[in-house]
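Undergrad: The structure that follows is given in the form of structure tokens.
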Amino acid sequence: MRYYGLNTAVSDERCNLVEPLKINNGKPSIPVFNEQTIPSLLTSKYPENFKNKNDTRLRIFSGTANPTLSQEIACYMGLELGKINIKRFADGEIYVQLKESVRGCDVYLVQPTSPPANENLMELLIMIDACRRASAKNITAVIPYFGYARADRKTQGRESIAAKLVANLITQAGANRVLACDLHSGQSMGYFDIPVDHVHGQPVILDYLASKTVSSGDLVVVSPDVGGVARARAFAKKLSDAPLAIVDKRRHGHNVAEVMNLIGDVKGKVAVMVDDMIDTAGTIAKGAELLHQEGAREVYACSTHAVFSPPAIERLSSGLFQEVIITNTIPVMEQNYFPQLTVLSVANLLGETIWRVHDDCSVSSIFQ
């Protein structure tokens with residue numbers, strides 16, 4: 001398992017580690033790369049004097065869902081995380097108290113609604129309410145992973161649209177803006193009645209893949225289902241305009257998928273499967289089996305969100321994949337590490353976006 005944390009990205013050439021990657025007590029340490037290897041994506045496009053790192057009006061608070069990512073974001077921005085007290089009562093109720101004044105401040109609350117989704121969502125809502133009642137000027141919910149995003153439409157009668165309900169809850173709690181990473185579908189942005197800044201983790205993964213010594217002519221980008229074709233096509237265009245293949249599947253139930261056939265040619269090629277999330281890994285594992293049957297030389301799995309519900313780890317570590325590349329929008333528990341896993345940090349991406357929102361600058365230009 002490899003972890004690429006703060007300021008540890010790759011460029012067009014292989015990065016040279018200042019120190020070898022060491023594993024202590026089963027936990028991956030963060031490798032340190034030479035400064036010249038850090039790509040422009042993860043380094044600020046602003047002049048140093050443009051950012052006021054002593055800006056007392058910008059505050060970042062972390063929930064309990066992903067404190068490591070929150071700390072990395074604050075470190076990139078040259079700020080300290082705000083002091084906050086979050087605890088659970090004996091009956092499971094959540095208590096939140098800000099330990100410093102936020103009156104008139106631009107507040108950013110970092111809290112993915114990852115598993116346990118209901119706990120983390122409720123914690124976020126109470127954090128927003130605490131900031132609103134403390135007279136914060138602006139409250140931005142930074143949600144690296146937006147839970148319930150898959151419940152974005154009715155596919156059968158008498159179903160709920162939970163994504164819209166969650167959007168209403170966040171808005172009514174008092175958030176003024178949402179910053180989300182790789183929503184399951186773009187239409188979820190329309191469920192909010194407040195501004196939504198939608199950033200993508202693809203550039204972080206593309207930067208990493210650029211370090212691989214694989215000829216562009218040997219690459220093929222694979223969408224694990226028809227619904228992800230637009231995502232895979234955009235990824236392929238940025239990956240040396242690689243050809244595209246599509247796995248056709250039919251789903252018989254929630255978290256149950258059956259692969260039917262492959263559209264495209266992968267024989268003798270390095271297949272890069274791209275999806276927004278890996279939950280039980282049923283879709284991507286069955287797709288990998290099909291790719292190997294069709295003659296793919298190697299198969300890589302790339303995903304922004306690692307939900308990793310059982311039996312995902314067994315499927316991903318079974319030997320089907322040369323490498324499984326994810327980001328740290330959701331923390332990966334130590335017992336879920338396996339040799340093929342690579343974790344890339346989106347802290348710089350989110351930190352840069354927060355600076356631009358705070359300074360009223362363009363966010364979309366980050367990806368240009």
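Here, A, B, ... name the chains of the structure tokens in the order displayed, residue numbers run from 1 inside each chain, and ligands are numbered from 1 in the same displayed order.
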Would you give me, as a ChimeraX atom specification, the residues in region 246-297 of chain A that DSSP reads as strand (DSSP E or B)?
TA: /A:246-253,256-263,270-278
Undergrad: Please report, as a PDB file with C-alpha atoms, in the first residue's frame, each residue of region 90-322 of chain A to which DSSP assigns alpha helix (DSSP H) when run on this structure's backbone.
TA:
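What landed in selection07.pdb:
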```pdb
ATOM      1  CA  ALA A 117     -23.140   8.120   6.536  1.00  0.00           C
ATOM      2  CA  ASN A 118     -25.960   9.059   8.895  1.00  0.00           C
ATOM      3  CA  GLU A 119     -23.592   9.780  11.802  1.00  0.00           C
ATOM      4  CA  ASN A 120     -21.286  11.940   9.705  1.00  0.00           C
ATOM      5  CA  LEU A 121     -24.148  13.768   8.008  1.00  0.00           C
ATOM      6  CA  MET A 122     -25.779  14.629  11.332  1.00  0.00           C
ATOM      7  CA  GLU A 123     -22.428  15.809  12.682  1.00  0.00           C
ATOM      8  CA  LEU A 124     -22.013  18.112   9.678  1.00  0.00           C
ATOM      9  CA  LEU A 125     -25.483  19.589  10.168  1.00  0.00           C
ATOM     10  CA  ILE A 126     -24.803  20.312  13.843  1.00  0.00           C
ATOM     11  CA  MET A 127     -21.425  21.870  12.973  1.00  0.00           C
ATOM     12  CA  ILE A 128     -23.166  24.166  10.464  1.00  0.00           C
ATOM     13  CA  ASP A 129     -25.785  25.106  13.040  1.00  0.00           C
ATOM     14  CA  ALA A 130     -23.099  25.884  15.644  1.00  0.00           C
ATOM     15  CA  CYS A 131     -21.314  28.214  13.198  1.00  0.00           C
ATOM     16  CA  ARG A 132     -24.559  29.929  12.212  1.00  0.00           C
ATOM     17  CA  ARG A 133     -25.468  30.560  15.841  1.00  0.00           C
ATOM     18  CA  ALA A 162     -32.528  11.161  -0.841  1.00  0.00           C
ATOM     19  CA  ALA A 163     -29.901  13.348  -2.548  1.00  0.00           C
ATOM     20  CA  LYS A 164     -32.398  16.211  -2.752  1.00  0.00           C
ATOM     21  CA  LEU A 165     -33.452  15.669   0.864  1.00  0.00           C
ATOM     22  CA  VAL A 166     -29.836  15.822   2.086  1.00  0.00           C
ATOM     23  CA  ALA A 167     -29.243  18.961   0.011  1.00  0.00           C
ATOM     24  CA  ASN A 168     -32.260  20.581   1.681  1.00  0.00           C
ATOM     25  CA  LEU A 169     -31.002  19.589   5.127  1.00  0.00           C
ATOM     26  CA  ILE A 170     -27.584  21.154   4.521  1.00  0.00           C
ATOM     27  CA  THR A 171     -29.161  24.335   3.173  1.00  0.00           C
ATOM     28  CA  GLN A 172     -31.687  24.648   5.986  1.00  0.00           C
ATOM     29  CA  ALA A 173     -28.993  24.027   8.610  1.00  0.00           C
ATOM     30  CA  GLN A 202      -9.166  13.186 -11.980  1.00  0.00           C
ATOM     31  CA  PRO A 203      -6.200  15.600 -12.338  1.00  0.00           C
ATOM     32  CA  VAL A 204      -4.568  14.104  -9.237  1.00  0.00           C
ATOM     33  CA  ILE A 205      -4.904  10.577 -10.660  1.00  0.00           C
ATOM     34  CA  LEU A 206      -3.760  11.691 -14.124  1.00  0.00           C
ATOM     35  CA  ASP A 207      -0.630  13.247 -12.649  1.00  0.00           C
ATOM     36  CA  TYR A 208       0.162   9.939 -10.978  1.00  0.00           C
ATOM     37  CA  LEU A 209      -0.466   7.889 -14.117  1.00  0.00           C
ATOM     38  CA  VAL A 229     -18.969   6.817 -20.400  1.00  0.00           C
ATOM     39  CA  ALA A 230     -18.817  10.622 -20.228  1.00  0.00           C
ATOM     40  CA  ARG A 231     -16.446  10.446 -17.249  1.00  0.00           C
ATOM     41  CA  ALA A 232     -14.218   7.867 -18.956  1.00  0.00           C
ATOM     42  CA  ARG A 233     -14.208   9.808 -22.232  1.00  0.00           C
ATOM     43  CA  ALA A 234     -13.026  12.975 -20.485  1.00  0.00           C
ATOM     44  CA  PHE A 235     -10.357  10.946 -18.667  1.00  0.00           C
ATOM     45  CA  ALA A 236      -9.189   9.310 -21.911  1.00  0.00           C
ATOM     46  CA  LYS A 237      -8.932  12.664 -23.682  1.00  0.00           C
ATOM     47  CA  LYS A 238      -6.550  13.944 -21.005  1.00  0.00           C
ATOM     48  CA  GLY A 282     -18.620  -5.916  -7.749  1.00  0.00           C
ATOM     49  CA  THR A 283     -18.903  -3.839 -10.920  1.00  0.00           C
ATOM     50  CA  ILE A 284     -15.206  -3.120 -11.323  1.00  0.00           C
ATOM     51  CA  ALA A 285     -14.095  -6.660 -10.391  1.00  0.00           C
ATOM     52  CA  LYS A 286     -16.438  -8.328 -12.868  1.00  0.00           C
ATOM     53  CA  GLY A 287     -15.301  -5.812 -15.470  1.00  0.00           C
ATOM     54  CA  ALA A 288     -11.650  -6.684 -14.775  1.00  0.00           C
ATOM     55  CA  GLU A 289     -12.400 -10.392 -15.207  1.00  0.00           C
ATOM     56  CA  LEU A 290     -13.927  -9.643 -18.597  1.00  0.00           C
ATOM     57  CA  LEU A 291     -10.949  -7.491 -19.627  1.00  0.00           C
ATOM     58  CA  HIS A 292      -8.526 -10.314 -18.810  1.00  0.00           C
ATOM     59  CA  GLN A 293     -10.693 -12.744 -20.782  1.00  0.00           C
ATOM     60  CA  ALA A 312     -14.534  -4.982  -1.691  1.00  0.00           C
ATOM     61  CA  ILE A 313     -11.074  -5.684  -0.240  1.00  0.00           C
ATOM     62  CA  GLU A 314     -11.228  -9.392  -1.103  1.00  0.00           C
ATOM     63  CA  ARG A 315     -12.232  -8.591  -4.672  1.00  0.00           C
ATOM     64  CA  LEU A 316      -9.635  -5.850  -5.198  1.00  0.00           C
TER      65      LEU A 316
END
```
Undergrad: By how many Å are CA of Ala65 (chain A) and CA of Gln97 (chain A) apart?
TA: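 Answer for the CA of Ala65 (chain A) to CA of Gln97 (chain A) separation: 16.5 Å.
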Undergrad: Just want the 12 Å neighbourhood of region 153-159 of chain A, counted on only C-alpha atoms, with same-chain residues fewer than 5 positions away dropped. Output as a list in words.
TA: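 That gives Tyr148, Lys164, Leu165, His184, Ser185, Gln187, Ser188, Tyr191, Gly253 and His254 of chain A.
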Undergrad: Can you write out the residues you just picked, keeping N, CA and C atoms, as a PDB file, in the first residue's frame?
TA:
```
ATOM      1  N   TYR A 148     -25.296   9.608  -0.161  1.00  0.00           N
ATOM      2  CA  TYR A 148     -26.657   9.626  -0.710  1.00  0.00           C
ATOM      3  C   TYR A 148     -26.701  10.186  -2.137  1.00  0.00           C
ATOM      4  N   LYS A 164     -31.718  14.917  -2.873  1.00  0.00           N
ATOM      5  CA  LYS A 164     -32.398  16.211  -2.752  1.00  0.00           C
ATOM      6  C   LYS A 164     -32.722  16.504  -1.288  1.00  0.00           C
ATOM      7  N   LEU A 165     -33.145  15.491  -0.556  1.00  0.00           N
ATOM      8  CA  LEU A 165     -33.452  15.669   0.864  1.00  0.00           C
ATOM      9  C   LEU A 165     -32.213  16.112   1.639  1.00  0.00           C
ATOM     10  N   HIS A 184     -21.555  11.952  -7.736  1.00  0.00           N
ATOM     11  CA  HIS A 184     -21.900  10.782  -8.544  1.00  0.00           C
ATOM     12  C   HIS A 184     -22.536  11.198  -9.867  1.00  0.00           C
ATOM     13  N   SER A 185     -23.316  12.249  -9.842  1.00  0.00           N
ATOM     14  CA  SER A 185     -23.886  12.796 -11.084  1.00  0.00           C
ATOM     15  C   SER A 185     -23.966  14.308 -10.952  1.00  0.00           C
ATOM     16  N   GLN A 187     -26.103  16.331 -11.886  1.00  0.00           N
ATOM     17  CA  GLN A 187     -27.421  16.890 -11.604  1.00  0.00           C
ATOM     18  C   GLN A 187     -27.621  17.145 -10.112  1.00  0.00           C
ATOM     19  N   SER A 188     -26.823  16.499  -9.266  1.00  0.00           N
ATOM     20  CA  SER A 188     -26.951  16.709  -7.821  1.00  0.00           C
ATOM     21  C   SER A 188     -26.676  18.146  -7.433  1.00  0.00           C
ATOM     22  N   TYR A 191     -29.742  20.223  -6.966  1.00  0.00           N
ATOM     23  CA  TYR A 191     -30.596  19.982  -5.806  1.00  0.00           C
ATOM     24  C   TYR A 191     -30.384  21.018  -4.710  1.00  0.00           C
ATOM     25  N   GLY A 253     -29.944  -5.859  -8.821  1.00  0.00           N
ATOM     26  CA  GLY A 253     -30.318  -5.374  -7.484  1.00  0.00           C
ATOM     27  C   GLY A 253     -29.269  -4.415  -6.989  1.00  0.00           C
ATOM     28  N   HIS A 254     -29.522  -3.740  -5.868  1.00  0.00           N
ATOM     29  CA  HIS A 254     -28.568  -2.804  -5.306  1.00  0.00           C
ATOM     30  C   HIS A 254     -27.288  -3.546  -4.916  1.00  0.00           C
TER      31      HIS A 254
END
```
Undergrad: Just the number, please: distance in Å from CA of Thr64 (chain A) to CA of Leu179 (chain A), one decimal.
TA: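 CA of Leu179 (chain A) lies 17.7 Å from CA of Thr64 (chain A).
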Undergrad: Counting only C-alpha atoms, figure out which residue out of A:Met260, A:Ala296, A:Val199, A:Asp276 gets nearest to Ser365 (chain A).
TA: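 Among the listed residues, A:Val199 lies closest to Ser365 (chain A).
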Undergrad: Between A:Leu79, A:Ile94, A:Leu262, A:Ile330, which one has atoms that come closest to Gln111 (chain A), using only C-alpha atoms?
TA: A:Ile330
Undergrad: Could you pull the residues within 9 Å of Ile263 (chain A), counting only C-alpha atoms, minus those fewer than 6 positions along the same chain, as a VMD selection string?
TA: chain A and resid 244 to 248
Undergrad: Once you have the residues from the selection above, write them out as a JSON list (two decimals), in the first residue's frame, restricted to C-alpha atoms.
TA:
```
[["chain", "number", "residue", "atom", "x", "y", "z"],
["A", 244, "LEU", "CA", -12.19, 4.07, -25.05],
["A", 245, "ALA", "CA", -13.85, 0.76, -24.21],
["A", 246, "ILE", "CA", -17.14, 0.16, -22.39],
["A", 247, "VAL", "CA", -18.27, -2.72, -20.19],
["A", 248, "ASP", "CA", -21.95, -3.43, -20.72]]
```
Undergrad: Would you mind telling me which residue in A:Arg88, A:Gly174, A:Ile60, A:Val96 lies nearest to Cys75 (chain A) when using only C-alpha atoms?
TA: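 Among the listed residues, the smallest separation from Cys75 (chain A) belongs to A:Ile60.
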